[in-house]
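Everything below belongs to query.tsv, which stores TSV, C-alpha atoms.
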chain	number	residue	atom	x	y	z
U	1	MET	CA	0.00	0.00	0.00
U	2	SER	CA	1.59	3.23	-1.15
U	3	ALA	CA	1.42	6.48	0.77
U	4	ASP	CA	-0.48	8.16	-2.07
U	5	SER	CA	-3.09	5.41	-2.12
U	6	LEU	CA	-3.55	5.64	1.62
U	7	GLN	CA	-3.96	9.40	1.46
U	8	GLU	CA	-6.49	9.06	-1.36
U	9	LEU	CA	-8.47	6.58	0.73
U	10	GLU	CA	-8.43	8.91	3.75
U	11	ILE	CA	-9.64	11.85	1.68
U	12	ALA	CA	-12.42	9.77	0.10
U	13	ALA	CA	-13.50	8.50	3.52
U	14	ILE	CA	-13.69	12.00	5.01
U	15	THR	CA	-15.56	13.31	1.97
U	16	LEU	CA	-18.09	10.50	2.06
U	17	ALA	CA	-18.60	10.84	5.82
U	18	SER	CA	-19.26	14.57	5.44
U	19	LEU	CA	-21.66	14.03	2.55
U	20	CYS	CA	-23.51	11.38	4.53
U	21	GLY	CA	-23.86	13.84	7.39
U	22	LEU	CA	-25.47	16.47	5.16
U	23	PHE	CA	-27.20	14.30	2.57
U	24	GLY	CA	-27.52	10.77	3.91
U	25	LYS	CA	-28.66	11.94	7.35
U	26	TRP	CA	-31.66	13.65	5.74
U	27	VAL	CA	-30.64	17.26	6.35
U	28	TYR	CA	-30.89	18.19	2.69
U	29	VAL	CA	-33.49	15.52	1.89
U	30	VAL	CA	-35.91	16.85	4.50
U	31	LEU	CA	-35.46	20.40	3.25
U	32	PHE	CA	-36.04	19.21	-0.31
U	33	ILE	CA	-39.33	17.56	0.68
U	34	LEU	CA	-40.41	20.68	2.56
U	35	ALA	CA	-39.53	22.93	-0.38
U	36	LEU	CA	-41.34	20.71	-2.85
U	37	TRP	CA	-44.42	20.51	-0.67
U	38	SER	CA	-44.50	24.28	-0.06
U	39	ILE	CA	-44.71	25.12	-3.77
U	40	SER	CA	-46.80	22.14	-4.86
U	41	ARG	CA	-49.93	23.99	-3.73
U	42	HIS	CA	-49.38	26.77	-6.25
U	43	TYR	CA	-49.92	26.60	-9.98
U	44	ALA	CA	-48.44	29.84	-11.25
U	45	THR	CA	-45.77	29.66	-13.96
U	46	PHE	CA	-43.35	31.10	-11.44
U	47	SER	CA	-43.94	28.20	-9.02
U	48	LYS	CA	-43.61	25.59	-11.77
U	49	ARG	CA	-40.21	26.93	-12.77
U	50	LEU	CA	-39.05	27.03	-9.17
U	51	ARG	CA	-40.26	23.47	-8.66
U	52	THR	CA	-38.36	22.33	-11.75
U	53	VAL	CA	-35.14	23.93	-10.52
U	54	THR	CA	-35.56	22.29	-7.11
U	55	VAL	CA	-36.08	18.81	-8.58
U	56	VAL	CA	-33.24	19.13	-11.11
U	57	LEU	CA	-30.85	20.27	-8.37
U	58	PHE	CA	-31.87	17.31	-6.20
U	59	ILE	CA	-31.16	14.90	-9.06
U	60	ASP	CA	-27.82	16.56	-9.69
U	61	LEU	CA	-26.80	16.30	-6.03
U	62	SER	CA	-27.97	12.68	-5.89
U	63	ILE	CA	-25.63	11.89	-8.79
U	64	HIS	CA	-22.86	13.79	-7.00
U	65	PHE	CA	-23.42	11.74	-3.84
U	66	ILE	CA	-23.34	8.46	-5.79
U	67	VAL	CA	-20.14	9.45	-7.60
U	68	ARG	CA	-18.33	10.33	-4.38
U	69	SER	CA	-19.51	7.04	-2.86
U	70	LEU	CA	-18.06	5.16	-5.83
U	71	GLU	CA	-14.79	7.04	-5.42
U	72	PHE	CA	-14.55	5.78	-1.85
U	73	ALA	CA	-15.39	2.23	-2.95
U	74	ARG	CA	-12.70	2.30	-5.63
U	75	ALA	CA	-10.15	3.87	-3.25
U	76	ARG	CA	-10.59	0.94	-0.89
U	77	ARG	CA	-9.22	-1.37	-3.58
U	78	GLN	CA	-5.81	0.34	-3.33
U	79	ASP	CA	-5.21	-0.09	-7.05
U	80	ASP	CA	-2.57	2.22	-8.53
U	81	SER	CA	-2.68	0.79	-12.04
U	82	ASP	CA	-3.34	2.80	-15.18
U	83	HIS	CA	-6.45	0.72	-15.77
U	84	GLU	CA	-7.97	1.97	-12.53
U	85	LEU	CA	-6.97	5.56	-13.30
U	86	LEU	CA	-8.34	5.66	-16.83
U	87	ARG	CA	-11.45	3.55	-16.32
U	88	TRP	CA	-12.62	4.82	-12.94
U	89	SER	CA	-10.69	7.71	-11.40
U	90	ILE	CA	-10.82	10.17	-14.31
U	91	PRO	CA	-14.51	9.57	-15.26
U	92	LEU	CA	-15.62	9.81	-11.63
U	93	THR	CA	-13.58	12.99	-11.15
U	94	VAL	CA	-15.07	14.62	-14.24
U	95	ILE	CA	-18.65	13.68	-13.33
U	96	GLY	CA	-18.19	14.85	-9.75
U	97	ASN	CA	-16.75	18.18	-10.87
U	98	VAL	CA	-19.45	18.72	-13.49
U	99	THR	CA	-22.23	18.08	-10.95
U	100	THR	CA	-20.53	20.48	-8.52
U	101	THR	CA	-20.41	23.25	-11.12
U	102	PHE	CA	-23.99	22.62	-12.23
U	103	ALA	CA	-25.23	22.73	-8.62
U	104	GLY	CA	-23.42	26.05	-8.17
U	105	LEU	CA	-25.03	27.37	-11.36
U	106	LEU	CA	-28.56	26.49	-10.18
U	107	SER	CA	-27.97	27.82	-6.68
U	108	ASP	CA	-26.43	31.07	-7.88
U	109	GLY	CA	-29.17	31.38	-10.49
U	110	THR	CA	-31.76	31.26	-7.71
U	111	LEU	CA	-29.80	33.86	-5.77
U	112	VAL	CA	-29.60	36.12	-8.83
U	113	TRP	CA	-33.34	35.83	-9.31
U	114	ARG	CA	-33.98	36.79	-5.66
U	115	PHE	CA	-31.59	39.72	-6.06
U	116	TYR	CA	-33.58	40.77	-9.12
U	117	VAL	CA	-36.90	40.57	-7.24
U	118	VAL	CA	-35.62	42.36	-4.15
U	119	PHE	CA	-34.31	45.22	-6.27
U	120	ASN	CA	-37.73	45.74	-7.84
U	121	ARG	CA	-37.05	43.75	-11.02
U	122	GLN	CA	-34.61	46.21	-12.49
U	123	ARG	CA	-32.92	44.76	-15.55
U	124	TRP	CA	-29.37	45.44	-14.41
U	125	ALA	CA	-30.04	43.39	-11.27
U	126	LEU	CA	-30.73	40.38	-13.49
U	127	TYR	CA	-28.35	40.65	-16.44
U	128	ILE	CA	-25.13	41.76	-14.76
U	129	PRO	CA	-24.94	39.12	-11.99
U	130	GLY	CA	-26.62	36.51	-14.21
U	131	THR	CA	-23.96	36.93	-16.89
U	132	SER	CA	-21.20	36.64	-14.28
U	133	VAL	CA	-22.68	33.40	-12.92
U	134	VAL	CA	-22.99	31.81	-16.38
U	135	ILE	CA	-19.45	32.81	-17.43
U	136	ASN	CA	-18.04	31.43	-14.17
U	137	ALA	CA	-19.85	28.12	-14.70
U	138	PHE	CA	-18.48	27.70	-18.22
U	139	LEU	CA	-15.03	28.62	-16.93
U	140	CYS	CA	-15.10	25.71	-14.50
U	141	TRP	CA	-16.60	23.32	-17.07
U	142	SER	CA	-13.69	24.13	-19.38
U	143	ALA	CA	-11.34	22.96	-16.63
U	144	ASP	CA	-13.38	19.77	-16.13
U	145	ALA	CA	-13.15	18.96	-19.83
U	146	GLN	CA	-9.36	19.21	-19.76
U	147	HIS	CA	-9.18	16.07	-17.64
U	148	LEU	CA	-10.21	14.08	-20.71
U	149	ALA	CA	-6.92	15.00	-22.40
U	150	ILE	CA	-5.26	12.23	-20.41
U	151	TYR	CA	-6.68	9.68	-22.85
U	152	HIS	CA	-4.82	11.23	-25.81
U	153	HIS	CA	-1.89	13.27	-24.44
U	154	ARG	CA	-1.11	11.90	-21.02
U	155	GLU	CA	2.32	13.49	-20.59
U	156	PHE	CA	1.03	16.91	-21.65
U	157	TYR	CA	-1.93	16.50	-19.31
U	158	GLU	CA	0.14	15.56	-16.27
U	159	ASN	CA	2.84	18.20	-16.82
U	160	THR	CA	0.80	21.12	-18.12
U	161	LEU	CA	-2.97	20.75	-18.12
U	162	LEU	CA	-3.43	19.32	-14.64
U	163	PRO	CA	-1.90	22.34	-12.85
U	164	VAL	CA	-3.97	24.61	-15.11
U	165	THR	CA	-7.21	22.82	-14.23
U	166	LEU	CA	-6.43	23.18	-10.54
U	167	ASP	CA	-5.78	26.91	-10.95
U	168	ILE	CA	-9.04	27.36	-12.89
U	169	THR	CA	-10.96	25.51	-10.19
U	170	VAL	CA	-9.50	27.80	-7.54
U	171	ALA	CA	-10.39	30.83	-9.67
U	172	TRP	CA	-13.95	29.47	-10.04
U	173	GLY	CA	-14.27	29.24	-6.27
U	174	TRP	CA	-13.02	32.77	-5.69
U	175	LEU	CA	-15.21	34.24	-8.42
U	176	MET	CA	-18.26	32.44	-7.02
U	177	PHE	CA	-17.38	33.66	-3.54
U	178	THR	CA	-17.06	37.24	-4.85
U	179	VAL	CA	-20.39	37.12	-6.71
U	180	ASN	CA	-22.16	35.60	-3.69
U	181	THR	CA	-20.63	38.19	-1.38
U	182	LEU	CA	-21.91	41.05	-3.55
U	183	LEU	CA	-25.39	39.57	-4.02
U	184	THR	CA	-25.76	38.44	-0.41
U	185	GLY	CA	-24.51	41.78	0.87
U	186	GLY	CA	-26.81	43.65	-1.49
U	187	ILE	CA	-29.88	41.73	-0.37
U	188	LEU	CA	-29.00	42.15	3.31
U	189	LEU	CA	-28.49	45.90	2.89
U	190	LYS	CA	-31.78	46.18	1.03
U	191	ILE	CA	-33.61	44.39	3.83
U	192	LEU	CA	-31.96	46.44	6.56
U	193	SER	CA	-32.74	49.67	4.73
U	194	GLN	CA	-36.43	48.73	4.72
U	195	GLN	CA	-36.49	47.40	8.28
U	196	ARG	CA	-37.00	50.75	10.01
U	197	SER	CA	-39.95	51.74	7.85
U	198	THR	CA	-41.47	48.26	8.15
U	199	LEU	CA	-41.22	48.24	11.94
U	200	HIS	CA	-42.79	51.71	12.01
U	201	HIS	CA	-45.56	50.39	9.80
U	202	ILE	CA	-46.18	47.47	12.16
U	203	SER	CA	-46.31	49.75	15.20
U	204	ARG	CA	-49.08	51.72	13.51
U	205	LEU	CA	-51.05	48.58	12.73
U	206	SER	CA	-50.79	46.89	16.10
U	207	SER	CA	-50.41	48.05	19.67
U	208	ALA	CA	-49.15	44.69	20.98
U	209	GLY	CA	-45.92	44.95	22.92
U	210	THR	CA	-44.25	42.01	21.16
U	211	SER	CA	-45.21	43.11	17.67
U	212	LYS	CA	-41.96	44.87	16.86
U	213	SER	CA	-39.75	42.13	18.27
U	214	GLN	CA	-41.63	39.44	16.38
U	215	THR	CA	-41.37	41.42	13.17
U	216	ALA	CA	-37.65	42.01	13.70
U	217	TYR	CA	-37.16	38.27	14.22
U	218	SER	CA	-39.15	37.51	11.08
U	219	LEU	CA	-37.08	39.98	9.08
U	220	ALA	CA	-33.86	38.46	10.41
U	221	VAL	CA	-34.94	34.96	9.37
U	222	ARG	CA	-35.98	36.18	5.95
U	223	ALA	CA	-32.72	38.07	5.55
U	224	VAL	CA	-30.66	34.96	6.27
U	225	ILE	CA	-32.69	32.81	3.90
U	226	GLU	CA	-33.26	35.30	1.08
U	227	SER	CA	-29.59	36.30	0.94
U	228	ALA	CA	-28.42	32.67	0.65
U	229	LEU	CA	-26.19	33.18	3.65
U	230	VAL	CA	-25.82	29.40	3.98
U	231	THR	CA	-24.09	29.23	0.61
U	232	TRP	CA	-21.88	32.18	1.46
U	233	VAL	CA	-20.74	30.53	4.71
U	234	GLY	CA	-20.02	27.28	2.85
U	235	LEU	CA	-17.98	29.14	0.23
U	236	LEU	CA	-16.10	31.02	2.95
U	237	ILE	CA	-15.14	27.73	4.61
U	238	TYR	CA	-14.09	26.33	1.22
U	239	GLU	CA	-11.85	29.33	0.47
U	240	ILE	CA	-10.23	29.11	3.90
U	241	ALA	CA	-9.73	25.37	3.46
U	242	SER	CA	-8.17	25.87	0.03
U	243	LEU	CA	-5.48	28.01	1.68
U	244	ALA	CA	-4.80	25.48	4.46
U	245	PRO	CA	-1.32	23.90	4.51
U	246	GLU	CA	-0.92	20.44	3.06
U	247	GLY	CA	1.66	17.92	4.15
U	248	HIS	CA	2.58	19.69	7.40
U	249	VAL	CA	2.14	18.74	11.01
U	250	THR	CA	-1.45	19.96	11.16
U	251	THR	CA	-2.71	17.77	8.34
U	252	ASN	CA	-1.55	15.68	5.42
U	253	LEU	CA	-4.93	15.92	3.72
U	254	ASP	CA	-6.05	18.27	0.98
U	255	VAL	CA	-8.88	19.85	2.96
U	256	GLY	CA	-9.62	22.18	0.06
U	257	TYR	CA	-10.47	19.18	-2.10
U	258	VAL	CA	-12.68	17.78	0.66
U	259	MET	CA	-14.61	21.04	0.92
U	260	LEU	CA	-14.93	21.20	-2.88
U	261	ASP	CA	-16.77	17.87	-2.75
U	262	ILE	CA	-18.99	18.96	0.14
U	263	ILE	CA	-19.88	22.48	-1.01
U	264	PRO	CA	-22.61	21.35	-3.48
U	265	ILE	CA	-24.77	20.24	-0.55
U	266	PHE	CA	-24.61	23.80	0.78
U	267	PHE	CA	-25.91	24.94	-2.62
U	268	GLY	CA	-28.85	22.54	-2.32
U	269	ILE	CA	-29.67	23.50	1.27
U	270	SER	CA	-29.67	27.21	0.44
U	271	GLN	CA	-31.86	26.74	-2.64
U	272	CYS	CA	-34.37	24.64	-0.70
U	273	LEU	CA	-34.54	27.23	2.09
U	274	ILE	CA	-35.29	29.99	-0.40
U	275	THR	CA	-37.92	27.86	-2.14
U	276	ALA	CA	-39.62	26.86	1.11
U	277	ARG	CA	-39.62	30.45	2.36
U	278	ILE	CA	-41.31	31.62	-0.83
U	279	GLY	CA	-43.80	28.76	-0.92
U	280	LEU	CA	-44.86	29.23	2.70
U	281	SER	CA	-45.17	33.01	2.45
U	282	LYS	CA	-47.71	35.18	0.68
U	283	GLU	CA	-45.28	35.93	-2.12
U	284	MET	CA	-46.66	33.15	-4.30
U	285	MET	CA	-50.10	34.73	-4.01
U	286	HIS	CA	-48.65	38.04	-5.12
U	287	GLU	CA	-46.99	36.36	-8.09
U	288	SER	CA	-50.27	34.71	-9.09
U	289	SER	CA	-51.94	38.12	-8.84
U	290	ARG	CA	-49.31	39.51	-11.18
U	291	GLU	CA	-50.07	36.81	-13.75
U	292	VAL	CA	-53.82	37.38	-13.48
U	293	SER	CA	-53.31	41.14	-13.78
U	294	SER	CA	-51.18	40.63	-16.89
U	295	ASP	CA	-53.87	38.42	-18.43
U	296	GLY	CA	-56.52	41.02	-17.70
U	297	GLN	CA	-54.52	43.82	-19.28
U	298	ALA	CA	-53.75	41.72	-22.34
U	299	SER	CA	-57.45	41.00	-22.95
U	300	GLY	CA	-58.53	44.59	-22.41
U	301	GLY	CA	-60.23	43.82	-19.09
U	302	GLN	CA	-59.63	45.43	-15.73
U	303	ILE	CA	-58.83	43.85	-12.42
U	304	ARG	CA	-60.61	45.04	-9.32
U	305	VAL	CA	-58.51	44.99	-6.16
U	306	GLN	CA	-59.07	46.11	-2.62
U	307	THR	CA	-56.70	47.55	-0.07
U	308	THR	CA	-56.42	46.25	3.43
U	309	GLN	CA	-54.02	46.24	6.33
U	310	GLU	CA	-51.90	43.10	6.74
U	311	GLN	CA	-50.22	41.90	9.87
U	312	ASP	CA	-47.44	40.16	7.92
U	313	ILE	CA	-45.52	42.85	6.11
U	314	SER	CA	-42.86	41.54	3.77
U	315	PRO	CA	-39.83	43.73	3.08
U	316	PHE	CA	-39.96	42.45	-0.49
U	317	SER	CA	-43.61	43.25	-1.15
U	318	SER	CA	-42.66	46.37	-3.09
U	319	ALA	CA	-41.51	44.13	-5.91
U	320	TYR	CA	-45.08	43.01	-6.40
U	321	LYS	CA	-46.93	46.28	-6.04
U	322	SER	CA	-47.92	48.55	-8.84
U	323	SER	CA	-46.67	52.09	-8.87
U	324	SER	CA	-50.15	53.36	-8.07
U	325	ALA	CA	-50.16	51.40	-4.83
U	326	ARG	CA	-47.16	53.17	-3.34
U	327	ASP	CA	-49.30	56.11	-2.28
U	328	GLY	CA	-51.46	53.71	-0.36
U	329	GLU	CA	-48.42	52.37	1.49
U	330	GLU	CA	-47.78	55.76	3.00
U	331	ASP	CA	-51.21	55.54	4.63
U	332	GLY	CA	-50.39	52.18	6.19
U	333	THR	CA	-52.22	50.08	3.61
U	334	GLU	CA	-51.03	47.35	1.30
U	335	LEU	CA	-52.63	45.94	-1.81
U	336	LYS	CA	-54.12	42.53	-1.41
U	337	VAL	CA	-56.34	40.72	-3.90
U	338	PHE	CA	-59.47	39.44	-2.16
U	339	ASP	CA	-61.53	38.71	-5.20
U	340	ILE	CA	-60.75	39.02	-8.88
U	341	ARG	CA	-63.52	39.89	-11.29
U	342	ARG	CA	-63.66	41.08	-14.84
U	343	VAL	CA	-65.58	44.38	-14.98
Any chance you could put this one into structure tokens?
Amino acid sequence: MSADSLQELEIAAITLASLCGLFGKWVYVVLFILALWSISRHYATFSKRLRTVTVVLFIDLSIHFIVRSLEFARARRQDDSDHELLRWSIPLTVIGNVTTTFAGLLSDGTLVWRFYVVFNRQRWALYIPGTSVVINAFLCWSADAQHLAIYHHREFYENTLLPVTLDITVAWGWLMFTVNTLLTGGILLKILSQQRSTLHHISRLSSAGTSKSQTAYSLAVRAVIESALVTWVGLLIYEIASLAPEGHVTTNLDVGYVMLDIIPIFFGISQCLITARIGLSKEMMHESSREVSSDGQASGGQIRVQTTQEQDISPFSSAYKSSSARDGEEDGTELKVFDIRRV
């Protein structure tokens, strides 16, 4: 048993144990079921798309979990032959990396969409971060594809391409961390900027002593979920781990590689939290109202709405209100569709 084979086995064991803790122990699975159930009650186009993204991400992470399990099973064989490398190690590495990048694309895509909604659906809030996320994903996929060069130019791959792929993967992680930091920070700042006015609104609607504290707690929970703070924390740990020493007294394991294999589960957890939060809130009702309003305007009809005071004030409700409703907000009212009739 060579030292390299033993180290590979240790890394695979730690990776699989961590994935089992997050995936196999039902942390992500339970959140996936909750997210799917929360949006299954809604039939708007918006909810269907969100449901599709949630299911596709779950399938992708399931494949990722299976691939990492197979890597551990093959590492236990302690086979250093070229047959093992070319038939199992390289294909499993490529599939695992591709699923990681795809999970990051779906998770960041959800975050970009939330950023777009929170910033009142301004086009720049969609196209600028969305383009960055797509370019970053293709950058990492280009590195994944370079692993296949070993089948045709092995010496060139081992001496030149392999270091390049590692550098590109590191760049992918830092770019994703930067994009997530900007989007997460932007969403948090947007929420905090609206918090004071929202709490003042609540104090006018209710005289209960705990009203403000409950609303502040609700806003804090929404801020953590909406900003995908879970993903940001996972990426922060990954970046720190990628800078950790290797082969010293502290560890002889590549902890950066271990975190790279675990980080996709953070993507899934964050996406499911956002989906569940939306499905369980009144936002889906607002989105359905938007679709109905659009249908009514397209057919030349008019939609009759009423204003009422709501106890649950969302800091993101402005994204779903028409410009004519903003005057009503100053009087402590919020648009809510009670009945929809063609008149």
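In this comparison, which uses all atoms listed in the file, the residue of U:Thr100, U:Gln194, U:Ser81, U:Thr184 approaching U:Ser62 most closely is U:Thr100.
Using only C-alpha atoms, the residues found no farther than 12 Å from U:Thr131, other than those of its own chain fewer than 4 positions away, are Leu105, Asp108, Gly109, Val112, Arg123, Trp124, Ala125, Leu126, Tyr127, Ile135, Asn136, Ala137, Phe138 and Val179 of chain U.
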>> I need the residue nearest U:His83 from this list: U:Trp232, U:Tyr151, U:Trp37, U:Tyr28. Use only C-alpha atoms for the distance.
In response: U:Tyr151
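Proximity to U:Phe58 was assessed for U:Val94, U:Leu106, U:Ile187, U:Ala149 counting only C-alpha atoms; the smallest distance is recorded for U:Leu106.
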>> Can you tell me which residues surround U:Ile150 at a distance of at most 12 Å, considering only C-alpha atoms, apart from same-chain residues fewer than 3 positions away, and format the answer as number ranges by chain?
In response: U: 82, 85-87, 89-91, 94, 144-147, 153-162
> Given the choices U:Thr15, U:Thr52, U:Thr45, U:Thr178, which gets closest to U:Ser132 if the distance is worked out from all atoms listed in the file?
Replying inline: U:Thr178
> Which residue out of U:Ile269, U:Val224, U:Ile278, U:Ile191 has the minimum interatomic distance to U:Ala103 when all atoms listed in the file are used?
Replying inline: U:Ile269
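Using all atoms listed in the file for every distance, the candidate list U:Asp261, U:Glu226, U:Asp60, U:Glu71 yields U:Glu226 as the residue closest to U:Leu273.
Interatomic distance, atom CA of U:Leu243 to atom CA of U:Leu61: 25.5 Å.
Distance-wise, atom CA of U:Met259 and atom CA of U:Tyr238 end up 5.3 Å apart.
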Any idea what's packed within 10 Å of U:Leu139, counting only C-alpha atoms, ignoring anything in its chain fewer than 2 positions away? Could you give it as a short mmCIF file (atom, residue, chain, number, x, y, z; two decimals) with C-alpha atoms, in the coordinates of the input?
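around_37.cif written:
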data_model
loop_
_atom_site.label_atom_id
_atom_site.label_comp_id
_atom_site.auth_asym_id
_atom_site.auth_seq_id
_atom_site.Cartn_x
_atom_site.Cartn_y
_atom_site.Cartn_z
CA THR U 101 -20.41 23.25 -11.12
CA VAL U 133 -22.68 33.40 -12.92
CA VAL U 134 -22.99 31.81 -16.38
CA ILE U 135 -19.45 32.81 -17.43
CA ASN U 136 -18.04 31.43 -14.17
CA ALA U 137 -19.85 28.12 -14.70
CA TRP U 141 -16.60 23.32 -17.07
CA SER U 142 -13.69 24.13 -19.38
CA ALA U 143 -11.34 22.96 -16.63
CA ASP U 144 -13.38 19.77 -16.13
CA ILE U 168 -9.04 27.36 -12.89
CA THR U 169 -10.96 25.51 -10.19
CA ALA U 171 -10.39 30.83 -9.67
CA TRP U 172 -13.95 29.47 -10.04
#
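Atom pair atom CA of U:Ile63 / atom CA of U:Ala35 has a distance of 19.6 Å (rounded to one decimal).
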